[in-house]
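Here is data17.csv, consisting of CSV, C-alpha atoms:
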```csv
chain,number,residue,atom,x,y,z
A,932,MET,CA,-12.4,-37.9,49.9
A,933,SER,CA,-12.8,-34.5,48.5
A,934,ILE,CA,-10.1,-32.5,46.7
A,935,PHE,CA,-11.1,-29.3,48.4
A,936,LYS,CA,-11.2,-28.9,52.1
A,937,LYS,CA,-14.5,-27.7,53.6
A,938,ASN,CA,-13.1,-24.8,55.5
A,939,GLU,CA,-10.6,-23.6,52.9
A,940,LYS,CA,-11.4,-20.2,51.5
A,941,LYS,CA,-11.1,-19.6,47.7
A,942,ASN,CA,-8.3,-17.3,46.7
A,943,ASP,CA,-10.2,-14.6,44.6
A,944,ASN,CA,-7.8,-12.1,43.0
A,945,ARG,CA,-10.5,-10.2,41.2
A,946,LEU,CA,-10.8,-6.4,41.8
A,947,PRO,CA,-14.1,-5.1,43.2
A,948,MET,CA,-16.6,-3.8,40.7
A,949,PRO,CA,-18.7,-0.7,41.5
A,950,ASP,CA,-22.5,-1.0,41.3
A,951,LYS,CA,-22.8,1.4,38.4
A,952,VAL,CA,-20.3,-0.7,36.4
A,953,LYS,CA,-22.2,-3.8,37.2
A,954,ARG,CA,-25.5,-2.2,36.1
A,955,GLY,CA,-23.9,-0.9,32.9
A,956,TYR,CA,-22.4,-4.3,32.1
A,957,ARG,CA,-25.8,-6.0,32.7
A,958,TRP,CA,-27.5,-3.5,30.4
A,959,TYR,CA,-24.8,-3.9,27.7
A,960,CYS,CA,-25.1,-7.7,27.9
A,961,SER,CA,-28.9,-7.7,27.7
A,962,LEU,CA,-28.7,-5.3,24.7
A,963,VAL,CA,-26.2,-7.5,22.9
A,964,ALA,CA,-28.3,-10.6,23.6
A,965,THR,CA,-31.5,-8.8,22.4
A,966,VAL,CA,-29.9,-7.6,19.2
A,967,ALA,CA,-28.4,-11.1,18.5
A,968,LEU,CA,-31.8,-12.7,19.1
A,969,MET,CA,-33.6,-10.2,16.8
A,970,GLY,CA,-30.9,-10.8,14.1
A,971,CYS,CA,-31.3,-14.5,14.4
A,972,CYS,CA,-35.1,-14.6,14.3
A,973,THR,CA,-35.6,-12.3,11.3
A,974,MET,CA,-35.0,-13.5,7.8
A,975,THR,CA,-35.5,-11.9,4.4
A,976,ALA,CA,-37.1,-14.2,1.9
A,977,PHE,CA,-35.9,-14.0,-1.7
A,978,ALA,CA,-38.5,-16.1,-3.6
A,979,ALA,CA,-38.0,-17.1,-7.2
A,980,PRO,CA,-40.8,-16.2,-9.6
A,981,ALA,CA,-43.3,-18.8,-10.8
A,982,ALA,CA,-42.3,-21.4,-13.3
A,983,GLY,CA,-43.2,-19.2,-16.3
A,984,GLY,CA,-41.5,-16.1,-14.8
A,985,ASP,CA,-38.7,-14.0,-16.1
A,986,PRO,CA,-35.2,-15.4,-15.3
A,987,LEU,CA,-33.9,-11.9,-15.4
A,988,THR,CA,-35.9,-11.1,-12.3
A,989,VAL,CA,-34.1,-13.8,-10.4
A,990,ILE,CA,-30.7,-12.4,-11.5
A,991,ASN,CA,-31.8,-8.9,-10.4
A,992,ASN,CA,-32.9,-10.2,-7.0
A,993,LEU,CA,-29.6,-12.0,-6.5
A,994,SER,CA,-27.7,-8.9,-7.5
A,995,GLU,CA,-29.7,-6.8,-5.0
A,996,PHE,CA,-28.9,-9.3,-2.3
A,997,ILE,CA,-25.2,-9.4,-3.0
A,998,PHE,CA,-25.0,-5.6,-3.2
A,999,GLY,CA,-26.9,-5.5,0.1
A,1000,LEU,CA,-24.2,-7.7,1.7
A,1001,ILE,CA,-21.4,-5.5,0.2
A,1002,ARG,CA,-23.1,-2.4,1.6
A,1003,ALA,CA,-23.2,-4.0,5.1
A,1004,VAL,CA,-19.5,-4.7,4.9
A,1005,GLY,CA,-18.9,-1.2,3.8
A,1006,LEU,CA,-20.9,0.2,6.7
A,1007,ILE,CA,-18.9,-1.9,9.1
A,1008,LEU,CA,-15.6,-0.6,7.7
A,1009,LEU,CA,-17.0,2.9,7.8
A,1010,GLY,CA,-17.7,2.6,11.5
A,1011,TRP,CA,-14.4,1.1,12.2
A,1012,GLY,CA,-12.6,3.9,10.3
A,1013,ILE,CA,-14.5,6.5,12.4
A,1014,VAL,CA,-13.4,4.6,15.6
A,1015,GLN,CA,-9.8,4.5,14.4
A,1016,VAL,CA,-9.7,8.3,13.6
A,1017,GLY,CA,-11.3,9.1,16.9
A,1018,LEU,CA,-8.7,7.0,18.8
A,1019,SER,CA,-5.9,8.5,16.8
A,1020,LEU,CA,-7.0,12.0,17.7
A,1021,GLN,CA,-7.1,11.0,21.3
A,1022,SER,CA,-3.6,9.4,21.3
A,1023,HIS,CA,-2.0,11.8,18.8
A,1024,ASP,CA,-0.8,8.9,16.7
A,1025,PRO,CA,-0.3,10.0,13.0
A,1026,SER,CA,0.1,6.5,11.6
A,1027,GLN,CA,-3.1,5.3,13.2
A,1028,ARG,CA,-4.8,8.5,11.9
A,1029,SER,CA,-3.7,7.7,8.3
A,1030,ASN,CA,-4.9,4.1,8.7
A,1031,GLY,CA,-8.2,5.4,10.0
A,1032,PHE,CA,-8.7,7.8,7.1
A,1033,LEU,CA,-7.8,5.0,4.6
A,1034,THR,CA,-10.3,2.7,6.3
A,1035,LEU,CA,-12.9,5.4,6.3
A,1036,ALA,CA,-12.4,6.1,2.6
A,1037,GLY,CA,-12.5,2.4,1.8
A,1038,GLY,CA,-15.7,2.0,3.7
A,1039,VAL,CA,-17.3,4.9,1.8
A,1040,ILE,CA,-16.2,3.4,-1.5
A,1041,ILE,CA,-17.5,-0.1,-0.6
A,1042,THR,CA,-20.8,1.3,0.8
A,1043,PHE,CA,-21.6,3.2,-2.4
A,1044,ALA,CA,-20.2,0.5,-4.8
A,1045,LYS,CA,-23.5,0.0,-6.5
A,1046,GLU,CA,-24.0,3.7,-7.2
A,1047,ILE,CA,-20.4,4.1,-8.4
A,1048,LEU,CA,-20.8,1.2,-10.8
A,1049,THR,CA,-24.1,2.6,-12.0
A,1050,LEU,CA,-22.5,6.0,-12.7
A,1051,ILE,CA,-19.5,4.4,-14.5
A,1052,THR,CA,-21.7,2.2,-16.8
A,1053,GLY,CA,-24.2,5.0,-17.4
A,1054,GLY,CA,-27.2,2.7,-16.6
```
Hey, can you dump this file as C-alpha cells for me?
Amino acid sequence: MSIFKKNEKKNDNRLPMPDKVKRGYRWYCSLVATVALMGCCTMTAFAAPAAGGDPLTVINNLSEFIFGLIRAVGLILLGWGIVQVGLSLQSHDPSQRSNGFLTLAGGVIITFAKEILTLITGG
C-alpha cells in the first residue's frame, strides 16, 4: 500500500518564475560552478629548494604565500565594503553607511598590508 494516492495532486505553493529569470538563474549557476571547478583544479606549487639551498628562500616563499592570503582577505573585505556603501546610499541608512566606509577602509589597509609594513620598516 502506497502512502500517496495515485490521483492526488501535489500542492505546489511556489510562485511562477518568468523565462528570463530562469535563464538568468541557469547562467548564474553555471558560472558559479565553472569558477568553483576552475578554483579547485588549479593549484600553486611552492617547492622547497634543493638540499643545499638557502633556507632564507624558503622563508621568503612562505612569507609571499601568507601575504597573498592576507591580500585575498583584504580584497574580499574591500568588495563587501563597496556593497555596503552602495546599499546604504540606496536605503539612506547612515549607520550602514558608516559601517560600509569602515569595512572599506579596513579592506584597503589589509590589502596593502605588505606595502605598509615595507614603508614602516624602511626595507
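Straight-line separation from CA of Ile990 (chain A) to CA of Thr973 (chain A): 23.3 Å.
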What lies within 9 Å of region 1023-1034 of chain A using only C-alpha atoms, ignoring chain neighbours under 6 positions off, as a compact mmCIF listing (two decimals) with C-alpha atoms, in the coordinates of the input?
```txt
# COMPACT_ATOMS: atom_id res chain seq x y z
CA LEU A 1008 -15.60 -0.60 7.70
CA LEU A 1009 -17.00 2.90 7.80
CA TRP A 1011 -14.40 1.10 12.20
CA GLY A 1012 -12.60 3.90 10.30
CA ILE A 1013 -14.50 6.50 12.40
CA VAL A 1014 -13.40 4.60 15.60
CA GLN A 1015 -9.80 4.50 14.40
CA VAL A 1016 -9.70 8.30 13.60
CA GLY A 1017 -11.30 9.10 16.90
```
Pick from A:Ala1036, A:Lys1045, A:Arg954, A:Cys972 nearest to Glu995 (chain A), counting only C-alpha atoms:
A:Lys1045
With all atoms listed in the file as the counted atoms, please give the residues lying no more than 7 Å from region 1003-1007 of chain A, apart from itself and same-chain residues fewer than 2 positions off, as a PyMOL selection string.
chain A and resi 999-1001+1009-1011+1038-1039+1041-1042
